[in-house]
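File shown: work.tsv (TSV, C-alpha atoms).
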chain	number	residue	atom	x	y	z
A	5	MET	CA	49.66	-35.30	127.55
A	6	LYS	CA	50.89	-32.36	129.54
A	7	VAL	CA	48.84	-29.86	131.50
A	8	LEU	CA	50.18	-26.39	130.75
A	9	GLU	CA	47.70	-24.44	132.83
A	10	ALA	CA	45.18	-26.19	135.09
A	11	GLN	CA	42.76	-23.31	135.13
A	12	ALA	CA	43.22	-20.83	132.32
A	13	ALA	CA	39.74	-19.30	132.73
A	14	VAL	CA	36.34	-19.83	134.30
A	15	LEU	CA	33.32	-20.25	132.04
A	16	THR	CA	29.68	-19.65	132.88
A	17	ASN	CA	27.02	-22.15	131.87
A	18	TYR	CA	25.79	-19.71	129.25
A	19	GLU	CA	29.18	-19.56	127.53
A	20	VAL	CA	29.49	-23.33	127.56
A	21	LEU	CA	26.03	-23.73	126.05
A	22	GLN	CA	26.87	-21.13	123.39
A	23	HIS	CA	30.02	-23.00	122.44
A	24	LEU	CA	28.29	-26.39	122.28
A	25	THR	CA	25.32	-25.22	120.23
A	26	GLN	CA	27.62	-23.42	117.79
A	27	GLN	CA	29.73	-26.55	117.50
A	28	LYS	CA	26.61	-28.60	116.84
A	29	GLU	CA	25.50	-26.18	114.11
A	30	ARG	CA	28.92	-26.30	112.50
A	31	TYR	CA	28.91	-30.10	112.46
A	32	LYS	CA	25.42	-30.13	110.95
A	33	GLN	CA	26.41	-27.76	108.15
A	34	ARG	CA	29.40	-29.87	107.22
A	35	LYS	CA	27.26	-33.01	107.55
A	36	ARG	CA	29.70	-34.68	109.89
A	37	ARG	CA	29.67	-36.04	113.42
A	38	GLY	CA	32.13	-35.87	116.26
A	39	PRO	CA	33.51	-38.96	117.98
A	40	PRO	CA	30.77	-40.93	119.83
A	41	ASN	CA	32.05	-40.01	123.32
A	42	LEU	CA	31.85	-36.33	122.42
A	43	GLU	CA	28.33	-36.69	121.02
A	44	THR	CA	27.21	-38.40	124.25
A	45	VAL	CA	28.59	-35.88	126.68
A	46	VAL	CA	27.45	-32.91	124.61
A	47	ARG	CA	23.92	-34.28	124.30
A	48	GLU	CA	23.70	-34.93	128.04
A	49	LEU	CA	25.17	-31.59	128.99
A	50	ILE	CA	22.81	-29.64	126.74
A	51	GLN	CA	19.93	-31.60	128.24
A	52	TYR	CA	21.13	-30.69	131.75
A	53	LEU	CA	21.55	-27.01	130.95
A	54	GLN	CA	18.13	-26.79	129.33
A	55	SER	CA	16.04	-28.53	131.97
A	56	TYR	CA	13.94	-26.53	134.41
A	57	PRO	CA	14.76	-24.80	136.83
A	58	ASN	CA	18.04	-23.99	135.09
A	59	PRO	CA	17.61	-20.41	133.79
A	60	LEU	CA	18.92	-21.44	130.36
A	61	SER	CA	15.83	-23.64	129.91
A	62	GLN	CA	13.72	-20.55	129.37
A	63	LYS	CA	12.56	-20.01	125.78
A	64	PRO	CA	13.18	-17.48	124.28
A	65	SER	CA	16.47	-17.09	126.09
A	66	THR	CA	16.82	-14.06	128.34
A	67	TYR	CA	20.60	-14.29	128.21
A	68	THR	CA	22.51	-12.28	125.63
A	69	PRO	CA	26.25	-12.17	124.91
A	70	ASP	CA	26.61	-8.78	126.58
A	71	CYS	CA	24.55	-9.58	129.69
A	72	ILE	CA	27.62	-10.87	131.54
A	73	SER	CA	29.48	-7.58	131.29
A	74	ARG	CA	26.30	-5.66	132.05
A	75	LEU	CA	25.68	-7.70	135.20
A	76	LEU	CA	29.30	-7.26	136.33
A	77	GLU	CA	28.95	-3.52	135.92
A	78	ARG	CA	25.67	-3.32	137.83
A	79	LEU	CA	26.89	-5.52	140.68
A	80	SER	CA	30.33	-3.90	140.99
A	81	PRO	CA	29.33	-1.61	143.92
A	82	TYR	CA	28.60	-4.70	146.06
A	83	GLU	CA	32.12	-6.10	145.69
A	84	LEU	CA	31.10	-9.71	145.20
A	85	SER	CA	33.78	-12.32	144.60
A	86	LYS	CA	34.26	-13.84	141.15
A	87	GLY	CA	32.84	-17.18	142.27
A	88	GLU	CA	29.71	-15.54	143.60
A	89	VAL	CA	29.08	-13.72	140.33
A	90	VAL	CA	29.63	-16.94	138.36
A	91	MET	CA	27.04	-18.68	140.52
A	92	ILE	CA	24.60	-15.79	140.10
A	93	LEU	CA	24.98	-16.09	136.32
A	94	ASN	CA	24.50	-19.87	136.44
A	95	LEU	CA	21.60	-20.04	138.87
A	96	ARG	CA	19.93	-16.62	138.53
A	97	PRO	CA	18.61	-16.45	142.13
A	98	ALA	CA	15.12	-14.94	142.05
A	99	SER	CA	14.62	-14.30	145.76
A	100	VAL	CA	16.61	-13.23	148.82
A	101	ALA	CA	16.47	-16.82	150.11
A	102	ALA	CA	18.02	-18.13	146.89
A	103	LEU	CA	20.62	-15.36	146.85
A	104	ASN	CA	21.55	-16.34	150.40
A	105	THR	CA	22.82	-19.71	149.19
A	106	VAL	CA	25.29	-18.25	146.70
A	107	ILE	CA	26.61	-15.31	148.74
A	108	GLU	CA	28.68	-16.10	151.77
A	109	GLU	CA	27.67	-14.47	155.05
A	110	MET	CA	25.14	-12.33	153.26
A	111	ALA	CA	23.39	-11.08	156.41
A	112	GLU	CA	26.64	-9.61	157.78
A	113	ARG	CA	27.86	-8.11	154.52
A	114	PHE	CA	24.69	-6.54	153.19
A	115	SER	CA	21.65	-4.76	154.58
A	116	ASP	CA	18.13	-5.96	153.76
A	117	GLU	CA	17.70	-3.16	151.21
A	118	GLN	CA	20.94	-4.07	149.43
A	119	GLN	CA	19.83	-7.69	149.22
A	120	GLU	CA	16.54	-6.65	147.64
A	121	GLU	CA	18.40	-4.38	145.23
A	122	MET	CA	20.66	-7.21	144.10
A	123	VAL	CA	17.68	-9.50	143.45
A	124	ALA	CA	16.06	-6.70	141.43
A	125	ILE	CA	19.23	-6.13	139.37
A	126	ILE	CA	19.55	-9.85	138.65
A	127	SER	CA	15.99	-10.19	137.39
A	128	GLU	CA	16.34	-6.99	135.37
A	129	VAL	CA	19.56	-8.01	133.61
A	130	LEU	CA	19.08	-11.77	133.36
A	131	GLY	CA	15.28	-11.95	133.23
A	132	GLN	CA	13.10	-14.33	135.23
A	133	PHE	CA	10.62	-17.15	134.81
A	134	ASP	CA	7.02	-16.11	134.33
A	135	ALA	CA	4.85	-17.66	137.01
A	136	ALA	CA	2.78	-19.48	134.38
A	137	GLN	CA	5.76	-21.09	132.71
A	138	GLY	CA	7.17	-22.30	136.02
A	139	SER	CA	4.02	-24.11	137.06
A	140	ALA	CA	3.52	-25.56	133.57
A	141	ASN	CA	6.99	-27.06	133.78
A	142	ASP	CA	6.31	-28.41	137.26
A	143	THR	CA	3.30	-30.40	136.14
A	144	GLY	CA	5.37	-31.66	133.20
A	145	ASP	CA	8.01	-32.93	135.60
A	146	GLY	CA	5.39	-34.52	137.80
A	147	ALA	CA	3.84	-36.42	134.93
A	148	GLU	CA	7.25	-37.62	133.88
A	149	ALA	CA	8.07	-38.85	137.39
A	150	ASN	CA	4.75	-40.70	137.59
A	151	ALA	CA	5.31	-42.33	134.24
A	152	SER	CA	8.71	-43.64	135.30
B	11	MET	CA	31.10	-25.06	137.17
B	12	PHE	CA	33.23	-25.08	134.03
B	13	ILE	CA	36.80	-24.04	133.49
B	14	LEU	CA	39.22	-23.91	130.58
B	15	THR	CA	42.36	-25.99	130.91
B	16	LYS	CA	45.37	-25.60	128.66
B	17	PHE	CA	46.94	-28.87	127.48
B	18	ALA	CA	49.84	-29.83	125.24
B	19	ASP	CA	49.66	-33.21	123.53
B	20	LEU	CA	50.93	-35.18	120.58
B	21	VAL	CA	48.19	-35.84	118.05
B	22	GLN	CA	48.68	-38.72	115.61
B	23	ILE	CA	46.65	-38.45	112.44
B	24	SER	CA	46.19	-41.78	110.71
B	25	PRO	CA	46.21	-42.02	106.88
B	26	GLU	CA	42.46	-42.63	106.59
B	27	ASP	CA	41.94	-39.15	108.07
B	28	PHE	CA	44.10	-37.44	105.44
B	29	SER	CA	40.99	-36.60	103.44
B	30	LYS	CA	39.87	-34.33	106.28
B	31	HIS	CA	41.22	-30.82	106.73
B	32	SER	CA	44.10	-30.93	109.23
B	33	ILE	CA	42.25	-28.81	111.78
B	34	VAL	CA	39.20	-31.09	111.60
B	35	ALA	CA	41.37	-34.20	111.99
B	36	ILE	CA	43.12	-32.65	114.99
B	37	GLU	CA	39.82	-31.61	116.56
B	38	ASP	CA	38.31	-35.09	116.17
B	39	ASN	CA	41.46	-36.72	117.49
B	40	ILE	CA	41.55	-34.57	120.62
B	41	ASN	CA	37.83	-34.97	121.26
B	42	ALA	CA	38.05	-38.74	120.84
B	43	LYS	CA	40.81	-38.87	123.42
B	44	TYR	CA	39.48	-36.39	126.01
B	45	ALA	CA	35.71	-35.87	125.72
B	46	ASN	CA	33.68	-37.39	128.57
B	47	LYS	CA	36.85	-38.50	130.38
B	48	VAL	CA	38.30	-37.51	133.73
B	49	VAL	CA	41.84	-36.17	133.96
B	50	GLN	CA	43.14	-36.56	137.51
B	51	LYS	CA	43.08	-33.33	139.55
B	52	ILE	CA	41.73	-31.46	136.54
B	53	GLY	CA	38.14	-32.60	136.09
B	54	LEU	CA	35.75	-34.10	133.56
B	55	CYS	CA	36.69	-32.99	130.04
B	56	ILE	CA	33.73	-31.93	127.91
B	57	SER	CA	34.91	-30.66	124.54
B	58	LEU	CA	37.72	-28.90	122.74
B	59	PHE	CA	37.41	-25.13	123.13
B	60	ASP	CA	40.11	-23.90	120.76
B	61	VAL	CA	43.48	-24.84	119.30
B	62	LEU	CA	46.23	-22.40	120.26
B	63	TRP	CA	49.25	-23.71	118.39
B	64	THR	CA	50.30	-26.65	116.22
B	65	SER	CA	53.67	-27.82	115.00
B	66	GLU	CA	54.45	-29.07	111.51
B	67	GLY	CA	53.23	-32.59	110.77
B	68	LEU	CA	56.06	-35.12	110.96
B	69	ILE	CA	56.03	-38.67	109.66
B	70	GLY	CA	58.25	-41.17	111.44
B	71	HIS	CA	59.75	-44.40	110.15
B	72	GLY	CA	57.60	-47.47	110.01
B	73	THR	CA	54.14	-45.97	110.23
B	74	GLY	CA	52.21	-43.57	108.05
B	75	LEU	CA	51.00	-41.55	111.01
B	76	VAL	CA	51.41	-37.79	110.91
B	77	ASN	CA	52.63	-36.54	114.28
B	78	VAL	CA	51.58	-33.05	115.28
B	79	ASN	CA	52.32	-31.31	118.58
B	80	VAL	CA	49.29	-29.30	119.59
B	81	GLU	CA	48.51	-26.84	122.35
B	82	PHE	CA	44.82	-26.44	122.99
B	83	ARG	CA	42.20	-25.53	125.55
B	84	MET	CA	39.46	-27.87	126.77
B	85	ILE	CA	36.16	-27.10	128.46
B	86	VAL	CA	36.36	-28.98	131.76
B	87	PHE	CA	33.66	-29.67	134.34
B	88	ARG	CA	35.21	-28.83	137.72
B	89	PRO	CA	32.92	-27.12	140.23
B	90	PHE	CA	34.86	-25.17	142.85
B	91	LYS	CA	34.52	-25.77	146.58
B	92	GLY	CA	31.54	-23.86	147.87
B	93	GLU	CA	29.80	-23.70	144.49
B	94	VAL	CA	26.04	-24.19	144.48
B	95	MET	CA	24.72	-26.42	141.68
B	96	LEU	CA	21.57	-28.16	140.54
B	97	GLY	CA	21.28	-31.93	140.54
B	98	ARG	CA	18.74	-34.72	140.67
B	99	ILE	CA	18.26	-37.28	143.42
B	100	ARG	CA	19.33	-40.68	142.12
B	101	SER	CA	18.81	-42.83	145.20
B	102	SER	CA	18.86	-42.64	148.98
B	103	THR	CA	20.51	-44.91	151.53
B	104	PRO	CA	20.85	-44.59	155.33
B	105	SER	CA	24.34	-43.17	154.76
B	106	GLY	CA	23.12	-40.31	152.58
B	107	ILE	CA	21.70	-39.24	149.24
B	108	HIS	CA	23.22	-39.97	145.84
B	109	LEU	CA	22.78	-37.19	143.31
B	110	ARG	CA	23.40	-37.01	139.60
B	111	THR	CA	23.32	-34.57	136.77
B	112	ASP	CA	22.55	-35.68	133.23
B	113	PHE	CA	26.23	-35.89	132.36
B	114	PHE	CA	27.90	-36.63	135.73
B	115	ASP	CA	26.77	-39.33	138.18
B	116	ASP	CA	29.12	-39.34	141.14
B	117	ILE	CA	27.79	-36.82	143.63
B	118	PHE	CA	27.13	-37.88	147.21
B	119	VAL	CA	25.58	-36.00	150.12
B	120	PRO	CA	26.38	-37.81	153.40
B	121	TYR	CA	23.70	-37.86	156.10
B	122	GLU	CA	25.58	-35.43	158.35
B	123	GLU	CA	25.33	-32.82	155.60
B	124	LEU	CA	21.52	-32.90	155.57
B	125	PRO	CA	19.63	-30.26	157.57
B	126	GLN	CA	18.77	-30.89	161.21
B	127	GLY	CA	15.64	-32.95	161.66
B	128	ALA	CA	16.25	-35.13	158.62
B	129	GLU	CA	15.50	-38.82	159.09
B	130	TYR	CA	15.65	-41.88	156.88
B	131	ASN	CA	12.45	-43.76	156.15
B	132	HIS	CA	13.36	-47.41	155.68
B	133	SER	CA	10.06	-48.57	154.21
B	134	GLU	CA	10.02	-45.87	151.53
B	135	GLN	CA	13.82	-45.69	151.23
B	136	ILE	CA	13.88	-41.93	151.14
B	137	TRP	CA	15.02	-39.15	153.43
B	138	ILE	CA	12.45	-36.92	155.09
B	139	TRP	CA	13.07	-33.52	156.60
B	140	ASN	CA	10.87	-32.75	159.61
B	141	PHE	CA	10.57	-29.01	159.64
B	142	ASP	CA	8.04	-27.14	161.80
B	143	GLU	CA	5.66	-30.09	162.05
B	144	GLU	CA	5.86	-30.48	158.28
B	145	ARG	CA	7.28	-33.52	156.55
B	146	LEU	CA	9.26	-32.66	153.44
B	147	PHE	CA	10.35	-35.54	151.22
B	148	TYR	CA	13.58	-35.99	149.32
B	149	ASP	CA	11.87	-37.94	146.52
B	150	ASN	CA	13.83	-39.68	143.80
B	151	HIS	CA	14.24	-37.72	140.53
B	152	GLU	CA	13.58	-34.48	142.39
B	153	MET	CA	15.70	-31.45	141.36
B	154	VAL	CA	17.81	-30.24	144.27
B	155	ARG	CA	20.24	-27.45	144.95
B	156	PHE	CA	23.43	-28.51	146.69
B	157	GLN	CA	26.78	-27.04	147.63
B	158	VAL	CA	30.07	-28.67	146.69
B	159	ILE	CA	32.18	-29.16	149.82
B	160	ASP	CA	34.82	-31.67	148.82
B	161	GLU	CA	36.15	-33.76	145.96
B	162	GLU	CA	37.79	-37.17	145.81
B	163	TRP	CA	40.18	-38.43	143.14
B	164	HIS	CA	41.04	-42.03	142.41
B	165	ASP	CA	43.74	-42.62	139.87
B	166	GLN	CA	42.75	-45.58	137.73
B	167	THR	CA	46.17	-46.35	136.36
B	168	PRO	CA	46.75	-50.07	136.93
B	169	VAL	CA	49.19	-50.65	139.79
B	170	GLY	CA	50.37	-54.05	138.63
B	171	PRO	CA	49.83	-57.73	139.38
B	172	THR	CA	49.66	-57.18	143.16
B	173	GLN	CA	46.22	-55.65	142.72
B	174	ALA	CA	43.45	-58.12	143.49
B	175	GLU	CA	41.43	-58.73	140.37
B	176	ASP	CA	37.97	-58.46	141.83
B	177	THR	CA	38.38	-55.14	143.62
B	178	PRO	CA	35.64	-52.95	142.25
B	179	ALA	CA	36.92	-50.01	140.24
B	180	LYS	CA	36.62	-46.75	142.13
B	181	THR	CA	35.10	-43.79	140.35
B	182	PRO	CA	37.88	-41.49	139.16
B	183	TYR	CA	36.24	-38.26	140.34
B	184	LYS	CA	33.66	-37.95	143.07
B	185	ILE	CA	32.03	-34.84	144.45
B	186	LYS	CA	30.87	-34.53	148.05
B	187	GLY	CA	27.98	-32.16	148.55
B	188	SER	CA	26.02	-30.53	151.34
B	189	MET	CA	22.36	-29.62	151.60
B	190	ALA	CA	22.42	-28.34	155.20
B	191	ALA	CA	22.31	-24.60	154.61
B	192	GLU	CA	19.15	-22.59	154.16
B	193	GLY	CA	17.95	-22.46	150.54
B	194	LEU	CA	19.55	-25.79	149.66
B	195	GLY	CA	17.61	-29.02	149.11
B	196	VAL	CA	14.65	-29.69	146.86
B	197	CYS	CA	14.09	-26.65	144.61
B	198	LEU	CA	10.31	-26.77	144.90
B	199	TRP	CA	10.44	-26.03	148.65
B	200	TRP	CA	12.11	-22.70	148.10
B	201	ASP	CA	10.87	-21.58	144.70
B	202	GLY	CA	7.21	-22.22	145.39
B	203	ALA	CA	7.15	-19.72	148.27
Let's see the structure in the file written out as structure tokens.
Amino acid sequence: MKVLEAQAAVLTNYEVLQHLTQQKERYKQRKRRGPPNLETVVRELIQYLQSYPNPLSQKPSTYTPDCISRLLERLSPYELSKGEVVMILNLRPASVAALNTVIEEMAERFSDEQQEEMVAIISEVLGQFDAAQGSANDTGDGAEANAS
Amino acid sequence: MFILTKFADLVQISPEDFSKHSIVAIEDNINAKYANKVVQKIGLCISLFDVLWTSEGLIGHGTGLVNVNVEFRMIVFRPFKGEVMLGRIRSSTPSGIHLRTDFFDDIFVPYEELPQGAEYNHSEQIWIWNFDEERLFYDNHEMVRFQVIDEEWHDQTPVGPTQAEDTPAKTPYKIKGSMAAEGLGVCLWWDGA
């Protein structure tokens, strides 16, 4: 084994989920399975990516293949770093408080209006949870925790 | 959270796999070797992403194995320092909170990385954050947001007979997290508002 390039690219959660679901479909069509260790990690990872409050848990999905480039375009005036945009794509912050966690020194870099604008752009491009769905999922989680 | 890493490796296809297409045999071989395993200083390998290049298959003397040199890219779990992620509380001890995700278990938030006013409740064995007269609980199984601040690597290659036999194996890759900043901690606290 030789590592040629430690980090050839960064992937967002959405791209990883796309790849894994496509791989799963392909295996199903050919009626074959991957090695057991692959099956385990893929099953667990899909479960992680599709559990609330991960934005990818929302059905039907609000993410589309072109939403990444659209978001990059809309957020380009704010000059965010690559890591910050990746986190926005993965976590989809729905409020200024949530955005504060992913953007470094947000209060110094951006005015209150700009912060609100960014939250609006994110929910416009990437969608958001409906209030009803969020609370329904919460009670589901609660019941599960009680049962265990 | 995920990166692509480019590897070069020798894949040995055994005769019972000759009925498969070469690319399928190579894919299965690579996944069997790498998936769900940690490569030191790289991260936790998830799955093959694509195959970039393969050599001709060569058969050596003595075995029927077909040797193929392959260059490929893997999807690797390797959150960067400062990244904010979701995780679940696994257990709490006076030294801090253990977190997990469904596929990765070794995330630890030491007590000094909890927000000010956090205290450990020994009878309940959970951490509690006293904030403005309110008591907020870090319950087990609760979804939390945390920030990656450090990582620890332990190479598991055997060092030889000098190693004591009963030393517990250290986890190969461990993430240290923080929940001190505003907006981090149990998701319900922040999303409900």
Around all the atoms of segment 13-25 of chain B listed in the file, draw an axis-aligned box and extend it by 3 Å on each of the six sides; I want its centre and edge lengths in Å to one decimal, as lines of an AutoDock Vina configuration file.
center_x = 43.9
center_y = -33.0
center_z = 120.2
size_x = 20.1
size_y = 24.1
size_z = 32.6
Check your understanding: Which distance in Å separates atom CA of Pro59 of chain A and atom CA of Ile117 of chain B, to one decimal?
Key ->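 Those two atoms sit 21.7 Å apart.
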Should the cut-off be 9 Å, what would the residue list for chain B against chain A look like, counting all atoms listed in the file, as a short mmCIF file (atom, residue, chain, number, x, y, z; two decimals) with C-alpha atoms, keeping the file's coordinate frame?
data_model
loop_
_atom_site.label_atom_id
_atom_site.label_comp_id
_atom_site.auth_asym_id
_atom_site.auth_seq_id
_atom_site.Cartn_x
_atom_site.Cartn_y
_atom_site.Cartn_z
CA MET B 11 31.10 -25.06 137.17
CA PHE B 12 33.23 -25.08 134.03
CA ILE B 13 36.80 -24.04 133.49
CA LEU B 14 39.22 -23.91 130.58
CA THR B 15 42.36 -25.99 130.91
CA LYS B 16 45.37 -25.60 128.66
CA PHE B 17 46.94 -28.87 127.48
CA ALA B 18 49.84 -29.83 125.24
CA ASP B 19 49.66 -33.21 123.53
CA LEU B 20 50.93 -35.18 120.58
CA GLU B 37 39.82 -31.61 116.56
CA ASP B 38 38.31 -35.09 116.17
CA ASN B 39 41.46 -36.72 117.49
CA ASN B 41 37.83 -34.97 121.26
CA ALA B 42 38.05 -38.74 120.84
CA LYS B 43 40.81 -38.87 123.42
CA TYR B 44 39.48 -36.39 126.01
CA ALA B 45 35.71 -35.87 125.72
CA ASN B 46 33.68 -37.39 128.57
CA LYS B 47 36.85 -38.50 130.38
CA LYS B 51 43.08 -33.33 139.55
CA ILE B 52 41.73 -31.46 136.54
CA ILE B 56 33.73 -31.93 127.91
CA SER B 57 34.91 -30.66 124.54
CA PHE B 59 37.41 -25.13 123.13
CA GLU B 81 48.51 -26.84 122.35
CA ARG B 83 42.20 -25.53 125.55
CA ILE B 85 36.16 -27.10 128.46
CA PHE B 90 34.86 -25.17 142.85
CA GLY B 92 31.54 -23.86 147.87
CA GLU B 93 29.80 -23.70 144.49
CA VAL B 94 26.04 -24.19 144.48
CA MET B 95 24.72 -26.42 141.68
CA LEU B 96 21.57 -28.16 140.54
CA GLY B 97 21.28 -31.93 140.54
CA THR B 111 23.32 -34.57 136.77
CA ASP B 112 22.55 -35.68 133.23
CA PHE B 113 26.23 -35.89 132.36
CA PHE B 114 27.90 -36.63 135.73
CA ASN B 150 13.83 -39.68 143.80
CA HIS B 151 14.24 -37.72 140.53
CA GLU B 152 13.58 -34.48 142.39
CA MET B 153 15.70 -31.45 141.36
CA GLN B 157 26.78 -27.04 147.63
CA ALA B 191 22.31 -24.60 154.61
CA GLU B 192 19.15 -22.59 154.16
CA GLY B 193 17.95 -22.46 150.54
CA LEU B 194 19.55 -25.79 149.66
CA CYS B 197 14.09 -26.65 144.61
CA LEU B 198 10.31 -26.77 144.90
CA TRP B 200 12.11 -22.70 148.10
CA ASP B 201 10.87 -21.58 144.70
#
Review point. Do you have the atom CA of Trp137 of chain B-atom CA of Phe156 of chain B distance handy?
Key: 15.1 Å
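Within 9 Å of Leu75 of chain A, once all atoms listed in the file are used and residues closer than 4 positions along the same chain are dropped, the contacting residues are Asp70, Cys71, Leu79, Ser80, Val89, Leu93, Ile125, Ile126, Val129 and Leu130 of chain A.
Our summary of the geometry notes that atom CA of Ile40 of chain B is positioned 16.2 Å from atom CA of Glu26 of chain B.
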Revision key, fill the gap. Between B:Thr181, B:Thr167, B:Ser188, B:Thr172, smallest distance to Phe118 of chain B by only C-alpha atoms belongs to B:Ser188
**Study point:** Who sits within 8 Å of segment 67-69 of chain A, all atoms listed in the file, same chain under 5 positions skipped, as a ChimeraX atom specification
**Key:** /A:18,60,130-131
Practice item. Can you pull out every residue within 12 Å of Val119 of chain B, counting all atoms listed in the file, but drop anything in the same chain fewer than 3 positions away, and send it as an NGL selection string? Key: :B and (97-110 or 116 or 122-125 or 137 or 154-161 or 184-190 or 194-195)
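Using all atoms listed in the file, the nearest neighbour of Arg78 of chain A within the list A:Pro64, A:Gln26, A:Met110, A:Glu121 is A:Glu121.
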